[in-house]
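See below for final.cif, which holds mmCIF, C-alpha atoms, pLDDT in the B column; chains and numbers go by the auth columns.
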```
data_work
loop_
_atom_site.group_PDB
_atom_site.id
_atom_site.type_symbol
_atom_site.label_atom_id
_atom_site.label_comp_id
_atom_site.label_asym_id
_atom_site.label_seq_id
_atom_site.Cartn_x
_atom_site.Cartn_y
_atom_site.Cartn_z
_atom_site.B_iso_or_equiv
_atom_site.auth_seq_id
_atom_site.auth_asym_id
ATOM 1 C CA MET A 1 36.810 -45.212 -0.727 54.00 1 A
ATOM 2 C CA GLN A 2 33.758 -43.047 -1.163 62.00 2 A
ATOM 3 C CA HIS A 3 34.180 -40.439 -3.919 74.00 3 A
ATOM 4 C CA PRO A 4 32.941 -37.046 -2.809 84.00 4 A
ATOM 5 C CA GLU A 5 30.016 -35.189 -4.250 87.00 5 A
ATOM 6 C CA LEU A 6 30.528 -31.434 -4.419 87.00 6 A
ATOM 7 C CA THR A 7 27.597 -29.069 -4.693 86.00 7 A
ATOM 8 C CA GLU A 8 27.840 -25.377 -5.457 87.00 8 A
ATOM 9 C CA GLU A 9 24.970 -23.392 -3.977 85.00 9 A
ATOM 10 C CA HIS A 10 23.744 -19.835 -3.623 83.00 10 A
ATOM 11 C CA ILE A 11 22.421 -19.963 -0.074 81.00 11 A
ATOM 12 C CA GLN A 12 21.588 -16.348 0.623 81.00 12 A
ATOM 13 C CA PRO A 13 22.029 -12.960 -1.024 80.00 13 A
ATOM 14 C CA GLY A 14 25.720 -12.195 -0.733 78.00 14 A
ATOM 15 C CA VAL A 15 26.921 -15.708 0.151 84.00 15 A
ATOM 16 C CA ASP A 16 27.721 -18.801 -1.921 86.00 16 A
ATOM 17 C CA ALA A 17 28.499 -22.277 -0.598 90.00 17 A
ATOM 18 C CA ILE A 18 30.375 -25.354 -1.711 91.00 18 A
ATOM 19 C CA ARG A 19 29.174 -28.480 0.082 93.00 19 A
ATOM 20 C CA VAL A 20 31.197 -31.701 0.176 93.00 20 A
ATOM 21 C CA LEU A 21 29.563 -35.075 0.788 93.00 21 A
ATOM 22 C CA GLY A 22 31.765 -38.133 1.244 92.00 22 A
ATOM 23 C CA GLU A 23 35.538 -38.350 1.670 92.00 23 A
ATOM 24 C CA LEU A 24 38.084 -35.791 0.524 93.00 24 A
ATOM 25 C CA ASP A 25 41.732 -36.795 0.289 93.00 25 A
ATOM 26 C CA LEU A 26 44.873 -36.653 -1.846 94.00 26 A
ATOM 27 C CA ALA A 27 43.146 -38.419 -4.742 92.00 27 A
ATOM 28 C CA THR A 28 40.293 -35.882 -4.942 90.00 28 A
ATOM 29 C CA VAL A 29 41.544 -32.664 -3.350 92.00 29 A
ATOM 30 C CA ALA A 30 42.793 -31.108 -6.620 90.00 30 A
ATOM 31 C CA GLU A 31 39.257 -30.917 -8.021 89.00 31 A
ATOM 32 C CA PHE A 32 37.978 -29.429 -4.759 90.00 32 A
ATOM 33 C CA GLU A 33 40.789 -26.884 -4.604 88.00 33 A
ATOM 34 C CA ALA A 34 40.325 -25.857 -8.247 88.00 34 A
ATOM 35 C CA ARG A 35 36.584 -25.429 -7.809 87.00 35 A
ATOM 36 C CA VAL A 36 36.965 -23.320 -4.669 86.00 36 A
ATOM 37 C CA ALA A 37 39.767 -21.226 -6.213 83.00 37 A
ATOM 38 C CA ASP A 38 37.658 -20.576 -9.331 84.00 38 A
ATOM 39 C CA THR A 39 34.735 -19.506 -7.176 82.00 39 A
ATOM 40 C CA LEU A 40 36.904 -17.281 -4.953 78.00 40 A
ATOM 41 C CA HIS A 41 38.558 -15.573 -7.927 79.00 41 A
ATOM 42 C CA GLY A 42 35.477 -15.336 -10.113 75.00 42 A
ATOM 43 C CA ASP A 43 32.973 -14.057 -7.594 70.00 43 A
ATOM 44 C CA PRO A 44 33.395 -11.357 -4.936 72.00 44 A
ATOM 45 C CA LEU A 45 30.879 -13.064 -2.627 78.00 45 A
ATOM 46 C CA PRO A 46 32.027 -14.748 0.582 84.00 46 A
ATOM 47 C CA ILE A 47 32.056 -18.541 0.360 87.00 47 A
ATOM 48 C CA LEU A 48 30.985 -21.071 2.935 91.00 48 A
ATOM 49 C CA LEU A 49 32.919 -24.344 2.547 93.00 49 A
ATOM 50 C CA ASP A 50 30.526 -26.862 4.055 95.00 50 A
ATOM 51 C CA LEU A 51 32.383 -30.009 5.079 94.00 51 A
ATOM 52 C CA SER A 52 29.665 -31.072 7.532 94.00 52 A
ATOM 53 C CA GLY A 53 28.714 -33.927 5.188 93.00 53 A
ATOM 54 C CA CYS A 54 32.325 -34.918 4.677 92.00 54 A
ATOM 55 C CA SER A 55 33.205 -38.056 6.616 92.00 55 A
ATOM 56 C CA PHE A 56 36.987 -37.855 6.127 94.00 56 A
ATOM 57 C CA ILE A 57 39.688 -35.378 5.157 94.00 57 A
ATOM 58 C CA ASP A 58 43.443 -35.832 5.152 95.00 58 A
ATOM 59 C CA THR A 59 46.368 -33.436 5.380 95.00 59 A
ATOM 60 C CA SER A 60 46.205 -32.662 1.658 95.00 60 A
ATOM 61 C CA VAL A 61 42.890 -30.923 2.341 94.00 61 A
ATOM 62 C CA LEU A 62 44.486 -28.925 5.157 94.00 62 A
ATOM 63 C CA ALA A 63 47.241 -27.824 2.764 94.00 63 A
ATOM 64 C CA ALA A 64 44.626 -26.849 0.173 92.00 64 A
ATOM 65 C CA LEU A 65 42.736 -24.765 2.741 92.00 65 A
ATOM 66 C CA LEU A 66 45.928 -22.992 3.768 90.00 66 A
ATOM 67 C CA GLN A 67 46.772 -22.261 0.139 87.00 67 A
ATOM 68 C CA LEU A 68 43.265 -20.938 -0.498 84.00 68 A
ATOM 69 C CA ARG A 69 43.615 -18.755 2.583 82.00 69 A
ATOM 70 C CA ALA A 70 46.944 -17.394 1.338 81.00 70 A
ATOM 71 C CA HIS A 71 45.516 -16.629 -2.111 73.00 71 A
ATOM 72 C CA SER A 72 42.420 -14.928 -0.717 69.00 72 A
ATOM 73 C CA GLY A 73 44.594 -12.096 0.640 60.00 73 A
ATOM 74 C CA SER A 74 45.392 -11.021 4.170 49.00 74 A
ATOM 75 C CA SER A 75 42.767 -8.279 4.130 51.00 75 A
ATOM 76 C CA ASP A 76 40.057 -10.833 3.297 48.00 76 A
ATOM 77 C CA ARG A 77 40.278 -12.972 6.435 48.00 77 A
ATOM 78 C CA HIS A 78 36.582 -13.724 6.206 62.00 78 A
ATOM 79 C CA ARG A 79 36.500 -14.318 2.444 78.00 79 A
ATOM 80 C CA PHE A 80 35.561 -17.920 3.235 83.00 80 A
ATOM 81 C CA ALA A 81 34.676 -20.004 6.252 90.00 81 A
ATOM 82 C CA VAL A 82 34.585 -23.736 6.863 93.00 82 A
ATOM 83 C CA VAL A 83 31.756 -25.712 8.430 94.00 83 A
ATOM 84 C CA ALA A 84 32.975 -29.048 9.773 94.00 84 A
ATOM 85 C CA LEU A 85 31.901 -31.861 12.090 95.00 85 A
ATOM 86 C CA ALA A 86 33.315 -35.196 13.252 94.00 86 A
ATOM 87 C CA GLN A 87 36.749 -36.185 11.874 95.00 87 A
ATOM 88 C CA PRO A 88 37.272 -33.068 9.709 95.00 88 A
ATOM 89 C CA LEU A 89 36.566 -30.795 12.686 96.00 89 A
ATOM 90 C CA ARG A 90 38.853 -32.809 14.969 95.00 90 A
ATOM 91 C CA LEU A 91 41.689 -32.610 12.416 95.00 91 A
ATOM 92 C CA LEU A 92 41.222 -28.857 11.893 96.00 92 A
ATOM 93 C CA ARG A 93 41.368 -28.322 15.668 96.00 93 A
ATOM 94 C CA LEU A 94 44.225 -30.765 16.308 96.00 94 A
ATOM 95 C CA THR A 95 46.433 -29.025 13.740 95.00 95 A
ATOM 96 C CA GLY A 96 45.459 -25.504 14.853 94.00 96 A
ATOM 97 C CA LEU A 97 44.097 -24.608 11.426 93.00 97 A
ATOM 98 C CA ASP A 98 40.888 -23.460 13.103 93.00 98 A
ATOM 99 C CA ARG A 99 42.929 -20.528 14.473 92.00 99 A
ATOM 100 C CA GLN A 100 44.023 -19.467 10.959 89.00 100 A
ATOM 101 C CA ILE A 101 40.798 -20.061 9.047 89.00 101 A
ATOM 102 C CA PRO A 102 37.317 -19.400 10.443 91.00 102 A
ATOM 103 C CA VAL A 103 35.843 -22.828 11.313 94.00 103 A
ATOM 104 C CA TYR A 104 32.286 -23.313 12.590 95.00 104 A
ATOM 105 C CA GLU A 105 30.109 -26.270 13.542 95.00 105 A
ATOM 106 C CA THR A 106 26.957 -24.894 11.888 93.00 106 A
ATOM 107 C CA ALA A 107 26.217 -23.080 8.638 90.00 107 A
ATOM 108 C CA ARG A 108 24.261 -20.463 10.582 90.00 108 A
ATOM 109 C CA ASP A 109 27.286 -19.570 12.739 91.00 109 A
ATOM 110 C CA ALA A 110 29.505 -19.485 9.660 91.00 110 A
ATOM 111 C CA LEU A 111 27.130 -17.100 7.913 88.00 111 A
ATOM 112 C CA TYR A 112 27.255 -14.692 10.835 86.00 112 A
ATOM 113 C CA GLY A 113 31.049 -14.860 10.587 83.00 113 A
ATOM 114 C CA ILE A 114 31.364 -14.139 6.858 81.00 114 A
ATOM 115 C CA MET A 115 28.335 -12.034 5.957 74.00 115 A
ATOM 116 C CA PRO A 116 29.139 -8.506 4.801 61.00 116 A
ATOM 117 C CA ALA A 117 28.809 -5.920 7.562 61.00 117 A
ATOM 118 C CA ASP A 118 25.887 -4.188 5.853 58.00 118 A
ATOM 119 C CA SER A 119 23.833 -7.384 6.074 54.00 119 A
ATOM 120 C CA ALA A 120 24.639 -8.166 9.708 47.00 120 A
ATOM 121 C CA ASP A 121 21.020 -7.617 10.648 49.00 121 A
ATOM 122 C CA ASP A 122 19.788 -10.208 8.130 50.00 122 A
ATOM 123 C CA ASP A 123 18.654 -13.521 9.582 51.00 123 A
ATOM 124 C CA PRO A 124 20.549 -16.367 7.883 47.00 124 A
ATOM 125 C CA GLU A 125 17.663 -18.841 8.197 50.00 125 A
ATOM 126 C CA SER A 126 18.408 -20.243 4.739 47.00 126 A
ATOM 127 C CA ALA A 127 21.663 -21.698 6.060 46.00 127 A
ATOM 128 C CA ASP A 128 19.785 -24.584 7.622 47.00 128 A
ATOM 129 C CA SER A 129 18.233 -25.630 4.316 45.00 129 A
ATOM 130 C CA LEU A 130 20.866 -25.090 1.658 45.00 130 A
ATOM 131 C CA GLY A 131 19.315 -25.253 -1.812 40.00 131 A
ATOM 132 C CA SER A 132 21.309 -26.770 -4.650 34.00 132 A
ATOM 133 C CA VAL A 133 22.020 -24.877 -7.854 34.00 133 A
ATOM 134 C CA SER A 134 24.401 -27.340 -9.483 32.00 134 A
ATOM 135 C CA THR A 135 26.021 -30.612 -8.479 33.00 135 A
ATOM 136 C CA TRP A 136 29.101 -32.321 -9.856 33.00 136 A
ATOM 137 C CA ARG A 137 31.002 -35.446 -8.912 35.00 137 A
ATOM 138 C CA VAL A 138 34.752 -35.798 -8.754 36.00 138 A
ATOM 139 C CA SER A 139 35.929 -38.258 -11.380 33.00 139 A
ATOM 140 C CA LEU A 140 39.195 -40.138 -11.013 33.00 140 A
ATOM 141 C CA SER A 141 39.225 -41.669 -14.482 31.00 141 A
#
```

If you took the structure in this file and wrote it as structure tokens, what would it be?
Amino acid sequence: MQHPELTEEHIQPGVDAIRVLGELDLATVAEFEARVADTLHGDPLPILLDLSGCSFIDTSVLAALLQLRAHSGSSDRHRFAVVALAQPLRLLRLTGLDRQIPVYETARDALYGIMPADSADDDPESADSLGSVSTWRVSLS
């Protein structure tokens, strides 16, 4: 099993991102969920959850996303968005979660979906080259 690397990034004024590289499953989802919840509750900025570098997710990740969605409030539908490819995207679509949480195949599309209305004219070019602010690894020990 490949332990995921999670990177928290400020990708553009008004938007933060959490990028996952590797596999995310029952053994590691608690750290991911805690980190995203802390970011959602501690910062009013929209968050892009970038799973495009994640090679595998299981149903525990789907449950975590649903819980995060529930805690973000019904009026904040676009408080966060998910970028996913390959197996994570297939699972999100197969389960219908992509109809409850905004899911995109590119960071650029996700930014257009979650950017505040007053910045709709901004060009989210920085989404294609996300710059890292801090990186941490999930530890199972």

Selection: 8 Å around A:Ala64, all atoms listed in the file, excl. self and same-chain fewer than 3 positions, as a ChimeraX atom specification:
/A:29,33,60-61,67-68

### Spatial neighbours of A:Glu23, max dist 6 Å, only C-alpha atoms, sep filter under 2 positions, as a PyMOL selection string
chain A and resi 2+4+54-56

Restricting it to C-alpha atoms, dump the selection as a CSV table (one decimal), keeping the file's coordinate frame.
```
chain,number,residue,atom,x,y,z
A,2,GLN,CA,33.8,-43.0,-1.2
A,4,PRO,CA,32.9,-37.0,-2.8
A,54,CYS,CA,32.3,-34.9,4.7
A,55,SER,CA,33.2,-38.1,6.6
A,56,PHE,CA,37.0,-37.9,6.1
```

Item to complete: Can you pull out every residue within 12 Å of A:Leu49, counting only C-alpha atoms, but drop anything in the same chain fewer than 6 positions away, and send it as a PyMOL selection string?
Response: chain A and resi 6-11+15-21+32-33+35-37+39-40+61+65+68+78-84+101-107+110-111+114

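Distances from A:Leu91, A:Leu85, A:Leu45, A:Ala34 to A:Leu62 were compared using only C-alpha atoms, and the smallest one belongs to A:Leu91.
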
Computed gap from atom CA of A:Gly53 to atom CA of A:His41 is 24.6 Å

Next on the checklist: If I take atom CA of A:Ala27 and atom CA of A:Leu51, how far is one from the other in Å, to one decimal?
Outcome noted: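 Between atom CA of A:Ala27 and atom CA of A:Leu51 the gap works out to 16.8 Å.
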
Draw an axis-aligned box over all listed atoms of stretch 43-59 of chain A, pad each side with 8 Å, and write its centre and edge lengths in Å, one decimal, as AutoDock Vina command-line options.
```
--center_x 37.5 --center_y -24.7 --center_z 0.0 --size_x 33.7 --size_y 42.7 --size_z 31.1
```

#### Entry: Residue among A:Ala63, A:Ser52, A:Gln100, A:Leu24 lying closest to A:Ala86, counting all atoms listed in the file
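Of the candidates, the smallest distance to A:Ala86 is held by A:Ser52.
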
Students should find that atom CA of A:Thr59 and atom CA of A:Ala30 are spaced 12.7 Å
